[in-house]
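Student: Sharing a structure, written as structure tokens. Questions coming.
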Amino acid sequence: MTENPPRIPSMNEILESCAERGLESYGREACRAACSRALDGLRARRKAGDRLSAVDEAFWSQVEAYLAVLPSIQLRGAINATGVVLHTNLGRAPWPQEAVEAAGAAANASLCEIDRHTGGRGRRDRPVSELLARVTGAEAGLPVNNNAATVLLAVSALARGRKVVVARKELVEIGGSYRMPEVIAAAGAEMVEIGTTNRVHLKDFEDAMEDPEVSLVLRIHPSNFRIQGFTKEPPMKEVAAMCHARGLPLVYDLGSGVLNGSELRGLELEHPVQASLADGCDLVTFSGDKLLGGPQAGLIVGAKPLVERLRRDMLTRCLRLDKTILAALEAVLSIHALGEEAACTRIPALQRLAMTQEQLRDRATAFAEVINKAGKTVKATVVDCAGRVGSGASPTEDLPSAGVLLTQDGLSAEQLVQRLRDAEPPTFARIQDEAVLLDLRTVAEHELEILQQLLSS
Ligand SMILES: *Cc1c(COP(=O)(O)O)cnc(C)c1O
């Protein structure tokens, strides 16, 4: 007589044992996923003839080994309920699903640097470079690690050991100790500062270009600040014409990198990449994870001979992108190539920016109803609020938004906001009127339900 195989407990029973073993701090979903993987292994062993395989200590050490990796990763997903669309501390632009999948696929052996026809060596940036040129209408493109790197590279390749003309009112600090004067110095060039804090004239550019050691004119989008009042700067077109007459390249660090601009109707318009090229800028640089809506990257587009000079620079090798990021970028740019409507519906950052206050009020009303119906201690009230683009784009402008104010009996707003940060997934919100404000503009559709569960439990 053979012994009966031990009964396999139900998932609910197993999850209860998880709690008894103190594993619930990983969150119920993580425990369920780990137990389900361990159960798959157990069933496979039984099928292979090990009839005594059971939910025993070996099973639990496997569950713990699973929990020690993915659910324990500190750089993990979070919910952004701050209303700041490109929240730098929460990782800027959320990726489109296509980008996530493309990156995952490229993580394996991939067509990273190989020519599939000849089997010989290929160039890893070629697909993205070609798409960049296609979507911006530029002659050529080049992706590097981030936009900070594009400026370092451009100045190094075009002006190392020589001089760069730059207006004082454009000498920005971006944050994280990235300051233009220091970047130019690090690239080995000397700065020729022109104009004043508030004004710069065409004549200032003209005078500076007289210096024969000048080999580059650099202009920088003010991005994260605005100078108002008595200000002036010459139109980009006129500076470009002056540069071209003297054979000097004009590089424009655009920062946010809006592609067409019309997807941001209603917002104070960021200067689009295409318009900057049309104004005569020889190279335009922008970020991949700001208004392009993709992964961290620095994108350079413009005149082919200059792009090629940058590509050949030793720094380009130091600043190159990982294959997974290149695949994600290729996906994001492919969506942009389908046109603005596709971009606004399929790229989360743009889709979130395009949501109207009316749409968000409806969202908030439905959300609050679920919370209040659950009859738990958390109460939700629908409110209008003001979000932001974030990451230095349109810095002085509010995004009219809507969300819910949460209160919980016996908890202060500070305690409740802390409870949300400690939750799984960690959720980031703001405090307003002594309550916790969830701005629903930046919450993804599938996250609404997760939040509702979190708040009703
Ligand atoms: C954001 C920004 C940068 C830095 O870009 P990263 O992609 O964060 O490196 C540089 N210049 C300007 C004008 C910016 O707005």
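Chain labels A, B, ... are given in the sequence in which chains occur in the structure tokens; within each chain residues are numbered consecutively from 1, and ligands are likewise numbered from 1 in the order shown.
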Using only C-alpha atoms, determine which residues lie at most 10 Å from Arg311 (chain A), disregarding the query and same-chain residues fewer than 4 positions distant; provide the list as a list in words.

Tutor: Gly141, Leu142, Pro143, Val144, Leu153, Ala154, Ala157, Pro305, Leu306, Val307, Leu315, Thr316 and Arg317 of chain A

Student: Counting only C-alpha atoms, what is within 9 Å of region 163-180 of chain A, bar same-chain residues fewer than 5 positions away, as a PDB file with all heavy atoms, in the first residue's frame?

Tutor:
```pdb
ATOM      1  N   ALA A 148      21.844  66.183 -20.117  1.00  0.00           N
ATOM      2  CA  ALA A 148      23.040  66.805 -19.543  1.00  0.00           C
ATOM      3  C   ALA A 148      24.257  66.385 -20.375  1.00  0.00           C
ATOM      4  O   ALA A 148      25.152  67.186 -20.660  1.00  0.00           O
ATOM      5  CB  ALA A 148      23.212  66.368 -18.091  1.00  0.00           C
ATOM      6  N   VAL A 151      24.906  68.242 -23.929  1.00  0.00           N
ATOM      7  CA  VAL A 151      25.581  69.546 -23.915  1.00  0.00           C
ATOM      8  C   VAL A 151      27.086  69.348 -23.709  1.00  0.00           C
ATOM      9  O   VAL A 151      27.909  69.955 -24.403  1.00  0.00           O
ATOM     10  CB  VAL A 151      24.983  70.467 -22.830  1.00  0.00           C
ATOM     11  CG1 VAL A 151      25.691  71.804 -22.823  1.00  0.00           C
ATOM     12  CG2 VAL A 151      23.483  70.651 -23.061  1.00  0.00           C
ATOM     13  N   VAL A 155      29.633  70.530 -26.668  1.00  0.00           N
ATOM     14  CA  VAL A 155      30.678  71.531 -26.402  1.00  0.00           C
ATOM     15  C   VAL A 155      32.058  70.894 -26.559  1.00  0.00           C
ATOM     16  O   VAL A 155      32.972  71.483 -27.146  1.00  0.00           O
ATOM     17  CB  VAL A 155      30.500  72.168 -25.004  1.00  0.00           C
ATOM     18  CG1 VAL A 155      31.650  73.123 -24.695  1.00  0.00           C
ATOM     19  CG2 VAL A 155      29.160  72.902 -24.916  1.00  0.00           C
ATOM     20  N   ALA A 185      32.989  74.188 -18.726  1.00  0.00           N
ATOM     21  CA  ALA A 185      34.374  74.032 -18.261  1.00  0.00           C
ATOM     22  C   ALA A 185      34.799  72.560 -18.345  1.00  0.00           C
ATOM     23  O   ALA A 185      35.899  72.240 -18.796  1.00  0.00           O
ATOM     24  CB  ALA A 185      34.506  74.554 -16.828  1.00  0.00           C
ATOM     25  N   ALA A 189      36.068  73.866 -22.680  1.00  0.00           N
ATOM     26  CA  ALA A 189      35.926  75.098 -23.460  1.00  0.00           C
ATOM     27  C   ALA A 189      35.868  76.312 -22.534  1.00  0.00           C
ATOM     28  O   ALA A 189      35.563  76.173 -21.347  1.00  0.00           O
ATOM     29  CB  ALA A 189      34.665  75.038 -24.310  1.00  0.00           C
ATOM     30  N   GLU A 190      36.166  77.451 -23.101  1.00  0.00           N
ATOM     31  CA  GLU A 190      36.100  78.677 -22.317  1.00  0.00           C
ATOM     32  C   GLU A 190      34.830  79.419 -22.680  1.00  0.00           C
ATOM     33  O   GLU A 190      34.461  79.501 -23.854  1.00  0.00           O
ATOM     34  CB  GLU A 190      37.334  79.542 -22.630  1.00  0.00           C
ATOM     35  CG  GLU A 190      37.481  80.717 -21.713  1.00  0.00           C
ATOM     36  CD  GLU A 190      38.697  81.576 -22.089  1.00  0.00           C
ATOM     37  OE1 GLU A 190      39.719  81.013 -22.557  1.00  0.00           O
ATOM     38  OE2 GLU A 190      38.598  82.813 -21.946  1.00  0.00           O
ATOM     39  N   MET A 191      34.178  79.974 -21.646  1.00  0.00           N
ATOM     40  CA  MET A 191      32.902  80.631 -21.866  1.00  0.00           C
ATOM     41  C   MET A 191      33.113  82.111 -22.174  1.00  0.00           C
ATOM     42  O   MET A 191      33.887  82.776 -21.515  1.00  0.00           O
ATOM     43  CB  MET A 191      32.116  80.482 -20.567  1.00  0.00           C
ATOM     44  CG  MET A 191      30.663  80.610 -20.687  1.00  0.00           C
ATOM     45  SD  MET A 191      29.876  79.879 -19.241  1.00  0.00           S
ATOM     46  CE  MET A 191      30.595  80.821 -17.936  1.00  0.00           C
ATOM     47  N   VAL A 192      32.410  82.615 -23.210  1.00  0.00           N
ATOM     48  CA  VAL A 192      32.372  84.055 -23.452  1.00  0.00           C
ATOM     49  C   VAL A 192      30.961  84.490 -23.084  1.00  0.00           C
ATOM     50  O   VAL A 192      30.007  84.239 -23.819  1.00  0.00           O
ATOM     51  CB  VAL A 192      32.651  84.394 -24.936  1.00  0.00           C
ATOM     52  CG1 VAL A 192      32.619  85.898 -25.152  1.00  0.00           C
ATOM     53  CG2 VAL A 192      33.980  83.798 -25.376  1.00  0.00           C
ATOM     54  N   GLU A 193      30.817  85.101 -21.898  1.00  0.00           N
ATOM     55  CA  GLU A 193      29.478  85.477 -21.429  1.00  0.00           C
ATOM     56  C   GLU A 193      29.066  86.799 -22.035  1.00  0.00           C
ATOM     57  O   GLU A 193      29.851  87.747 -22.055  1.00  0.00           O
ATOM     58  CB  GLU A 193      29.494  85.646 -19.906  1.00  0.00           C
ATOM     59  CG  GLU A 193      29.688  84.360 -19.156  1.00  0.00           C
ATOM     60  CD  GLU A 193      29.741  84.608 -17.654  1.00  0.00           C
ATOM     61  OE1 GLU A 193      28.817  85.252 -17.122  1.00  0.00           O
ATOM     62  OE2 GLU A 193      30.719  84.171 -17.035  1.00  0.00           O
ATOM     63  N   ILE A 194      27.828  86.873 -22.494  1.00  0.00           N
ATOM     64  CA  ILE A 194      27.340  88.124 -23.080  1.00  0.00           C
ATOM     65  C   ILE A 194      26.014  88.548 -22.453  1.00  0.00           C
ATOM     66  O   ILE A 194      25.294  87.734 -21.895  1.00  0.00           O
ATOM     67  CB  ILE A 194      27.179  88.011 -24.620  1.00  0.00           C
ATOM     68  CG1 ILE A 194      26.199  86.889 -24.982  1.00  0.00           C
ATOM     69  CG2 ILE A 194      28.527  87.781 -25.290  1.00  0.00           C
ATOM     70  CD1 ILE A 194      25.833  86.857 -26.449  1.00  0.00           C
ATOM     71  N   GLY A 195      25.703  89.856 -22.555  1.00  0.00           N
ATOM     72  CA  GLY A 195      24.443  90.383 -22.041  1.00  0.00           C
ATOM     73  C   GLY A 195      24.430  90.456 -20.530  1.00  0.00           C
ATOM     74  O   GLY A 195      25.471  90.372 -19.871  1.00  0.00           O
ATOM     75  N   THR A 196      23.209  90.608 -19.984  1.00  0.00           N
ATOM     76  CA  THR A 196      23.038  90.719 -18.535  1.00  0.00           C
ATOM     77  C   THR A 196      22.050  89.654 -18.085  1.00  0.00           C
ATOM     78  O   THR A 196      21.563  88.870 -18.883  1.00  0.00           O
ATOM     79  CB  THR A 196      22.470  92.111 -18.172  1.00  0.00           C
ATOM     80  OG1 THR A 196      21.211  92.252 -18.842  1.00  0.00           O
ATOM     81  CG2 THR A 196      23.411  93.224 -18.589  1.00  0.00           C
ATOM     82  N   THR A 197      21.726  89.680 -16.794  1.00  0.00           N
ATOM     83  CA  THR A 197      20.781  88.704 -16.238  1.00  0.00           C
ATOM     84  C   THR A 197      19.439  88.745 -16.956  1.00  0.00           C
ATOM     85  O   THR A 197      18.797  87.723 -17.142  1.00  0.00           O
ATOM     86  CB  THR A 197      20.546  89.015 -14.738  1.00  0.00           C
ATOM     87  OG1 THR A 197      21.809  89.088 -14.114  1.00  0.00           O
ATOM     88  CG2 THR A 197      19.694  87.956 -14.080  1.00  0.00           C
ATOM     89  N   ASN A 198      19.003  89.966 -17.334  1.00  0.00           N
ATOM     90  CA  ASN A 198      17.664  90.061 -17.925  1.00  0.00           C
ATOM     91  C   ASN A 198      17.649  90.295 -19.431  1.00  0.00           C
ATOM     92  O   ASN A 198      16.641  90.038 -20.078  1.00  0.00           O
ATOM     93  CB  ASN A 198      16.837  91.146 -17.218  1.00  0.00           C
ATOM     94  CG  ASN A 198      17.539  92.490 -17.185  1.00  0.00           C
ATOM     95  OD1 ASN A 198      18.767  92.544 -17.181  1.00  0.00           O
ATOM     96  ND2 ASN A 198      16.773  93.557 -17.170  1.00  0.00           N
ATOM     97  N   ARG A 199      18.767  90.786 -20.000  1.00  0.00           N
ATOM     98  CA  ARG A 199      18.699  91.122 -21.428  1.00  0.00           C
ATOM     99  C   ARG A 199      19.967  90.735 -22.183  1.00  0.00           C
ATOM    100  O   ARG A 199      21.062  90.818 -21.665  1.00  0.00           O
ATOM    101  CB  ARG A 199      18.479  92.650 -21.585  1.00  0.00           C
ATOM    102  CG  ARG A 199      17.055  93.047 -21.219  1.00  0.00           C
ATOM    103  CD  ARG A 199      16.945  94.526 -20.988  1.00  0.00           C
ATOM    104  NE  ARG A 199      16.912  95.310 -22.226  1.00  0.00           N
ATOM    105  CZ  ARG A 199      15.804  95.613 -22.875  1.00  0.00           C
ATOM    106  NH1 ARG A 199      14.638  95.182 -22.440  1.00  0.00           N
ATOM    107  NH2 ARG A 199      15.859  96.337 -23.975  1.00  0.00           N
ATOM    108  N   VAL A 200      19.723  90.343 -23.449  1.00  0.00           N
ATOM    109  CA  VAL A 200      20.849  90.115 -24.352  1.00  0.00           C
ATOM    110  C   VAL A 200      20.404  90.570 -25.738  1.00  0.00           C
ATOM    111  O   VAL A 200      19.254  90.385 -26.125  1.00  0.00           O
ATOM    112  CB  VAL A 200      21.316  88.630 -24.329  1.00  0.00           C
ATOM    113  CG1 VAL A 200      20.240  87.681 -24.837  1.00  0.00           C
ATOM    114  CG2 VAL A 200      22.595  88.454 -25.146  1.00  0.00           C
ATOM    115  N   ASP A 204      25.264  91.969 -28.989  1.00  0.00           N
ATOM    116  CA  ASP A 204      26.145  91.259 -28.047  1.00  0.00           C
ATOM    117  C   ASP A 204      26.702  89.991 -28.694  1.00  0.00           C
ATOM    118  O   ASP A 204      27.881  89.661 -28.555  1.00  0.00           O
ATOM    119  CB  ASP A 204      25.376  90.869 -26.774  1.00  0.00           C
ATOM    120  CG  ASP A 204      24.896  92.084 -25.990  1.00  0.00           C
ATOM    121  OD1 ASP A 204      25.620  93.091 -25.969  1.00  0.00           O
ATOM    122  OD2 ASP A 204      23.797  92.001 -25.398  1.00  0.00           O
ATOM    123  N   PHE A 205      25.811  89.280 -29.409  1.00  0.00           N
ATOM    124  CA  PHE A 205      26.257  88.063 -30.108  1.00  0.00           C
ATOM    125  C   PHE A 205      27.280  88.447 -31.179  1.00  0.00           C
ATOM    126  O   PHE A 205      28.338  87.810 -31.307  1.00  0.00           O
ATOM    127  CB  PHE A 205      25.052  87.357 -30.766  1.00  0.00           C
ATOM    128  CG  PHE A 205      24.237  86.538 -29.794  1.00  0.00           C
ATOM    129  CD1 PHE A 205      23.101  87.065 -29.195  1.00  0.00           C
ATOM    130  CD2 PHE A 205      24.607  85.234 -29.478  1.00  0.00           C
ATOM    131  CE1 PHE A 205      22.352  86.312 -28.308  1.00  0.00           C
ATOM    132  CE2 PHE A 205      23.860  84.469 -28.587  1.00  0.00           C
ATOM    133  CZ  PHE A 205      22.730  85.017 -27.998  1.00  0.00           C
ATOM    134  N   ALA A 208      30.699  89.329 -29.787  1.00  0.00           N
ATOM    135  CA  ALA A 208      31.409  88.165 -29.256  1.00  0.00           C
ATOM    136  C   ALA A 208      31.965  87.297 -30.381  1.00  0.00           C
ATOM    137  O   ALA A 208      33.035  86.693 -30.252  1.00  0.00           O
ATOM    138  CB  ALA A 208      30.469  87.354 -28.367  1.00  0.00           C
ATOM    139  N   MET A 209      31.243  87.238 -31.493  1.00  0.00           N
ATOM    140  CA  MET A 209      31.678  86.385 -32.604  1.00  0.00           C
ATOM    141  C   MET A 209      32.913  86.932 -33.314  1.00  0.00           C
ATOM    142  O   MET A 209      33.520  86.238 -34.126  1.00  0.00           O
ATOM    143  CB  MET A 209      30.536  86.217 -33.618  1.00  0.00           C
ATOM    144  CG  MET A 209      29.417  85.315 -33.118  1.00  0.00           C
ATOM    145  SD  MET A 209      28.157  85.085 -34.391  1.00  0.00           S
ATOM    146  CE  MET A 209      26.682  84.902 -33.406  1.00  0.00           C
ATOM    147  N   ASP A 211      35.674  87.437 -31.915  1.00  0.00           N
ATOM    148  CA  ASP A 211      36.823  86.729 -31.339  1.00  0.00           C
ATOM    149  C   ASP A 211      37.112  85.474 -32.182  1.00  0.00           C
ATOM    150  O   ASP A 211      36.261  84.579 -32.290  1.00  0.00           O
ATOM    151  CB  ASP A 211      36.466  86.343 -29.888  1.00  0.00           C
ATOM    152  CG  ASP A 211      37.627  85.676 -29.155  1.00  0.00           C
ATOM    153  OD1 ASP A 211      38.556  85.168 -29.838  1.00  0.00           O
ATOM    154  OD2 ASP A 211      37.590  85.651 -27.909  1.00  0.00           O
ATOM    155  N   PRO A 212      38.301  85.380 -32.784  1.00  0.00           N
ATOM    156  CA  PRO A 212      38.585  84.256 -33.677  1.00  0.00           C
ATOM    157  C   PRO A 212      38.650  82.905 -32.945  1.00  0.00           C
ATOM    158  O   PRO A 212      38.602  81.852 -33.592  1.00  0.00           O
ATOM    159  CB  PRO A 212      39.954  84.609 -34.280  1.00  0.00           C
ATOM    160  CG  PRO A 212      40.550  85.608 -33.359  1.00  0.00           C
ATOM    161  CD  PRO A 212      39.414  86.347 -32.716  1.00  0.00           C
ATOM    162  N   GLU A 213      38.769  82.946 -31.621  1.00  0.00           N
ATOM    163  CA  GLU A 213      38.822  81.678 -30.889  1.00  0.00           C
ATOM    164  C   GLU A 213      37.439  81.083 -30.620  1.00  0.00           C
ATOM    165  O   GLU A 213      37.317  79.957 -30.145  1.00  0.00           O
ATOM    166  CB  GLU A 213      39.550  81.878 -29.558  1.00  0.00           C
ATOM    167  CG  GLU A 213      41.055  81.903 -29.715  1.00  0.00           C
ATOM    168  CD  GLU A 213      41.712  81.924 -28.352  1.00  0.00           C
ATOM    169  OE1 GLU A 213      41.415  81.026 -27.541  1.00  0.00           O
ATOM    170  OE2 GLU A 213      42.504  82.855 -28.106  1.00  0.00           O
ATOM    171  N   VAL A 214      36.401  81.877 -30.914  1.00  0.00           N
ATOM    172  CA  VAL A 214      35.038  81.374 -30.706  1.00  0.00           C
ATOM    173  C   VAL A 214      34.730  80.318 -31.766  1.00  0.00           C
ATOM    174  O   VAL A 214      34.918  80.541 -32.955  1.00  0.00           O
ATOM    175  CB  VAL A 214      34.013  82.524 -30.773  1.00  0.00           C
ATOM    176  CG1 VAL A 214      32.592  81.982 -30.957  1.00  0.00           C
ATOM    177  CG2 VAL A 214      34.092  83.371 -29.506  1.00  0.00           C
ATOM    178  N   SER A 215      34.266  79.128 -31.332  1.00  0.00           N
ATOM    179  CA  SER A 215      33.939  78.114 -32.338  1.00  0.00           C
ATOM    180  C   SER A 215      32.529  77.557 -32.165  1.00  0.00           C
ATOM    181  O   SER A 215      32.135  76.623 -32.848  1.00  0.00           O
ATOM    182  CB  SER A 215      34.965  76.982 -32.318  1.00  0.00           C
ATOM    183  OG  SER A 215      34.819  76.235 -31.140  1.00  0.00           O
ATOM    184  N   LEU A 216      31.762  78.137 -31.239  1.00  0.00           N
ATOM    185  CA  LEU A 216      30.400  77.628 -31.014  1.00  0.00           C
ATOM    186  C   LEU A 216      29.557  78.697 -30.325  1.00  0.00           C
ATOM    187  O   LEU A 216      30.050  79.425 -29.461  1.00  0.00           O
ATOM    188  CB  LEU A 216      30.488  76.383 -30.111  1.00  0.00           C
ATOM    189  CG  LEU A 216      29.190  75.758 -29.620  1.00  0.00           C
ATOM    190  CD1 LEU A 216      28.382  75.182 -30.768  1.00  0.00           C
ATOM    191  CD2 LEU A 216      29.486  74.649 -28.604  1.00  0.00           C
ATOM    192  N   VAL A 217      28.274  78.754 -30.722  1.00  0.00           N
ATOM    193  CA  VAL A 217      27.312  79.583 -29.992  1.00  0.00           C
ATOM    194  C   VAL A 217      26.302  78.629 -29.368  1.00  0.00           C
ATOM    195  O   VAL A 217      25.716  77.791 -30.050  1.00  0.00           O
ATOM    196  CB  VAL A 217      26.624  80.603 -30.929  1.00  0.00           C
ATOM    197  CG1 VAL A 217      25.559  81.382 -30.157  1.00  0.00           C
ATOM    198  CG2 VAL A 217      27.668  81.545 -31.527  1.00  0.00           C
ATOM    199  N   LEU A 218      26.150  78.760 -28.048  1.00  0.00           N
ATOM    200  CA  LEU A 218      25.258  77.861 -27.320  1.00  0.00           C
ATOM    201  C   LEU A 218      24.100  78.653 -26.742  1.00  0.00           C
ATOM    202  O   LEU A 218      24.305  79.656 -26.064  1.00  0.00           O
ATOM    203  CB  LEU A 218      26.046  77.193 -26.179  1.00  0.00           C
ATOM    204  CG  LEU A 218      25.275  76.260 -25.245  1.00  0.00           C
ATOM    205  CD1 LEU A 218      24.718  75.053 -25.991  1.00  0.00           C
ATOM    206  CD2 LEU A 218      26.170  75.804 -24.091  1.00  0.00           C
ATOM    207  N   ARG A 219      22.889  78.215 -27.055  1.00  0.00           N
ATOM    208  CA  ARG A 219      21.730  78.845 -26.416  1.00  0.00           C
ATOM    209  C   ARG A 219      21.013  77.780 -25.591  1.00  0.00           C
ATOM    210  O   ARG A 219      21.013  76.597 -25.930  1.00  0.00           O
ATOM    211  CB  ARG A 219      20.806  79.463 -27.461  1.00  0.00           C
ATOM    212  CG  ARG A 219      21.517  80.594 -28.194  1.00  0.00           C
ATOM    213  CD  ARG A 219      20.569  81.622 -28.730  1.00  0.00           C
ATOM    214  NE  ARG A 219      19.823  82.278 -27.670  1.00  0.00           N
ATOM    215  CZ  ARG A 219      18.880  83.186 -27.908  1.00  0.00           C
ATOM    216  NH1 ARG A 219      18.576  83.520 -29.157  1.00  0.00           N
ATOM    217  NH2 ARG A 219      18.235  83.772 -26.924  1.00  0.00           N
ATOM    218  N   ILE A 220      20.408  78.233 -24.480  1.00  0.00           N
ATOM    219  CA  ILE A 220      19.804  77.288 -23.544  1.00  0.00           C
ATOM    220  C   ILE A 220      18.395  77.751 -23.206  1.00  0.00           C
ATOM    221  O   ILE A 220      18.189  78.910 -22.837  1.00  0.00           O
ATOM    222  CB  ILE A 220      20.663  77.200 -22.259  1.00  0.00           C
ATOM    223  CG1 ILE A 220      22.077  76.743 -22.630  1.00  0.00           C
ATOM    224  CG2 ILE A 220      20.034  76.228 -21.249  1.00  0.00           C
ATOM    225  CD1 ILE A 220      23.159  77.554 -21.985  1.00  0.00           C
ATOM    226  N   HIS A 221      17.452  76.857 -23.318  1.00  0.00           N
ATOM    227  CA  HIS A 221      16.063  77.178 -22.966  1.00  0.00           C
ATOM    228  C   HIS A 221      15.998  77.401 -21.465  1.00  0.00           C
ATOM    229  O   HIS A 221      16.554  76.613 -20.696  1.00  0.00           O
ATOM    230  CB  HIS A 221      15.155  76.019 -23.380  1.00  0.00           C
ATOM    231  CG  HIS A 221      13.705  76.349 -23.275  1.00  0.00           C
ATOM    232  ND1 HIS A 221      13.000  76.172 -22.114  1.00  0.00           N
ATOM    233  CD2 HIS A 221      12.831  76.864 -24.171  1.00  0.00           C
ATOM    234  CE1 HIS A 221      11.746  76.560 -22.316  1.00  0.00           C
ATOM    235  NE2 HIS A 221      11.616  76.976 -23.559  1.00  0.00           N
ATOM    236  N   PRO A 222      15.312  78.461 -21.012  1.00  0.00           N
ATOM    237  CA  PRO A 222      15.301  78.718 -19.558  1.00  0.00           C
ATOM    238  C   PRO A 222      14.605  77.615 -18.764  1.00  0.00           C
ATOM    239  O   PRO A 222      14.780  77.515 -17.560  1.00  0.00           O
ATOM    240  CB  PRO A 222      14.551  80.048 -19.437  1.00  0.00           C
ATOM    241  CG  PRO A 222      13.796  80.206 -20.710  1.00  0.00           C
ATOM    242  CD  PRO A 222      14.580  79.493 -21.764  1.00  0.00           C
ATOM    243  N   SER A 223      13.843  76.760 -19.411  1.00  0.00           N
ATOM    244  CA  SER A 223      13.249  75.590 -18.756  1.00  0.00           C
ATOM    245  C   SER A 223      12.602  75.877 -17.415  1.00  0.00           C
ATOM    246  O   SER A 223      11.429  76.207 -17.333  1.00  0.00           O
ATOM    247  CB  SER A 223      14.298  74.496 -18.540  1.00  0.00           C
ATOM    248  OG  SER A 223      14.308  73.637 -19.643  1.00  0.00           O
ATOM    249  N   ASN A 224      13.407  75.763 -16.352  1.00  0.00           N
ATOM    250  CA  ASN A 224      12.831  75.709 -15.016  1.00  0.00           C
ATOM    251  C   ASN A 224      12.633  77.056 -14.333  1.00  0.00           C
ATOM    252  O   ASN A 224      12.345  77.122 -13.162  1.00  0.00           O
ATOM    253  CB  ASN A 224      13.700  74.802 -14.127  1.00  0.00           C
ATOM    254  CG  ASN A 224      15.157  75.233 -14.145  1.00  0.00           C
ATOM    255  OD1 ASN A 224      15.482  76.290 -14.658  1.00  0.00           O
ATOM    256  ND2 ASN A 224      16.019  74.425 -13.569  1.00  0.00           N
ATOM    257  N   PHE A 225      12.820  78.159 -15.068  1.00  0.00           N
ATOM    258  CA  PHE A 225      12.563  79.457 -14.438  1.00  0.00           C
ATOM    259  C   PHE A 225      12.070  80.435 -15.495  1.00  0.00           C
ATOM    260  O   PHE A 225      12.171  80.176 -16.699  1.00  0.00           O
ATOM    261  CB  PHE A 225      13.823  79.996 -13.760  1.00  0.00           C
ATOM    262  CG  PHE A 225      14.878  80.474 -14.745  1.00  0.00           C
ATOM    263  CD1 PHE A 225      15.063  81.821 -14.990  1.00  0.00           C
ATOM    264  CD2 PHE A 225      15.649  79.560 -15.441  1.00  0.00           C
ATOM    265  CE1 PHE A 225      16.019  82.253 -15.908  1.00  0.00           C
ATOM    266  CE2 PHE A 225      16.605  79.985 -16.358  1.00  0.00           C
ATOM    267  CZ  PHE A 225      16.788  81.338 -16.586  1.00  0.00           C
ATOM    268  N   ILE A 227      12.168  84.762 -16.325  1.00  0.00           N
ATOM    269  CA  ILE A 227      12.494  86.128 -15.933  1.00  0.00           C
ATOM    270  C   ILE A 227      11.417  87.002 -16.547  1.00  0.00           C
ATOM    271  O   ILE A 227      11.190  86.946 -17.765  1.00  0.00           O
ATOM    272  CB  ILE A 227      13.877  86.557 -16.465  1.00  0.00           C
ATOM    273  CG1 ILE A 227      14.969  85.650 -15.895  1.00  0.00           C
ATOM    274  CG2 ILE A 227      14.160  88.002 -16.090  1.00  0.00           C
ATOM    275  CD1 ILE A 227      16.361  85.999 -16.379  1.00  0.00           C
ATOM    276  N   GLY A 392      10.744  70.898 -14.749  1.00  0.00           N
ATOM    277  CA  GLY A 392      11.183  72.179 -15.277  1.00  0.00           C
ATOM    278  C   GLY A 392      10.416  72.662 -16.490  1.00  0.00           C
ATOM    279  O   GLY A 392      10.669  73.755 -16.978  1.00  0.00           O
TER     280      GLY A 392
END
```

Student: Neighbours of Cys318 (chain A) within 12 Å (only C-alpha atoms; same-chain residues fewer than 5 positions away dropped), as a ChimeraX atom specification?

Tutor: /A:144-146,149-150,152-153,311-313

Student: Atoms to include: C-alpha atoms. Write the selected residues as a PDB file, in the first residue's frame.

Tutor:
```pdb
ATOM      1  CA  VAL A 144      23.150  59.511 -25.591  1.00  0.00           C
ATOM      2  CA  ASN A 145      22.696  58.922 -21.876  1.00  0.00           C
ATOM      3  CA  ASN A 146      20.767  62.060 -20.911  1.00  0.00           C
ATOM      4  CA  ALA A 149      25.387  64.606 -21.579  1.00  0.00           C
ATOM      5  CA  THR A 150      24.306  66.114 -24.916  1.00  0.00           C
ATOM      6  CA  LEU A 152      28.827  68.139 -22.539  1.00  0.00           C
ATOM      7  CA  LEU A 153      29.308  66.194 -25.769  1.00  0.00           C
ATOM      8  CA  ARG A 311      29.224  60.608 -33.074  1.00  0.00           C
ATOM      9  CA  ARG A 312      32.967  60.222 -33.660  1.00  0.00           C
ATOM     10  CA  ASP A 313      33.893  61.924 -30.382  1.00  0.00           C
TER      11      ASP A 313
END
```

Student: What is the distance, in Å and to one decimal place, between CA of Gln296 (chain A) and CA of Leu338 (chain A)?

Tutor: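 Answer for the CA of Gln296 (chain A) to CA of Leu338 (chain A) separation: 21.4 Å.
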
Student: Would you write out, as a tab-separated table, a table of all residues in region 321-415 of chain A that have an atom no more than 10 Å from an atom of region 91-99 of chain A, listing for each the closest atom pair and the distance in Å to one decimal, considering only C-alpha atoms and ordering rows by chain and rising residue number?

Tutor:
```
residue	atom	partner	partner_atom	distance
A:Thr324	CA	A:Ala99	CA	9.1
A:Ile325	CA	A:Ala99	CA	8.6
A:Leu326	CA	A:Ala99	CA	9.5
A:Ala327	CA	A:Ala99	CA	7.1
A:Ala328	CA	A:Ala99	CA	4.1
A:Leu329	CA	A:Ala99	CA	6.9
A:Glu330	CA	A:Ala99	CA	7.8
A:Ala331	CA	A:Ala99	CA	5.1
A:Val332	CA	A:Ala99	CA	6.2
A:Leu333	CA	A:Ala99	CA	9.6
A:Ser334	CA	A:Glu98	CA	9.7
A:Ile335	CA	A:Glu98	CA	8.9
A:Ala343	CA	A:Pro96	CA	9.8
A:Thr345	CA	A:Pro96	CA	9.9
A:Arg346	CA	A:Pro96	CA	6.5
A:Ile347	CA	A:Pro96	CA	5.2
A:Pro348	CA	A:Pro96	CA	6.0
A:Ala349	CA	A:Ala93	CA	5.8
A:Leu350	CA	A:Ala93	CA	9.3
A:Gly390	CA	A:Arg92	CA	8.1
A:Ser391	CA	A:Arg92	CA	7.1
```
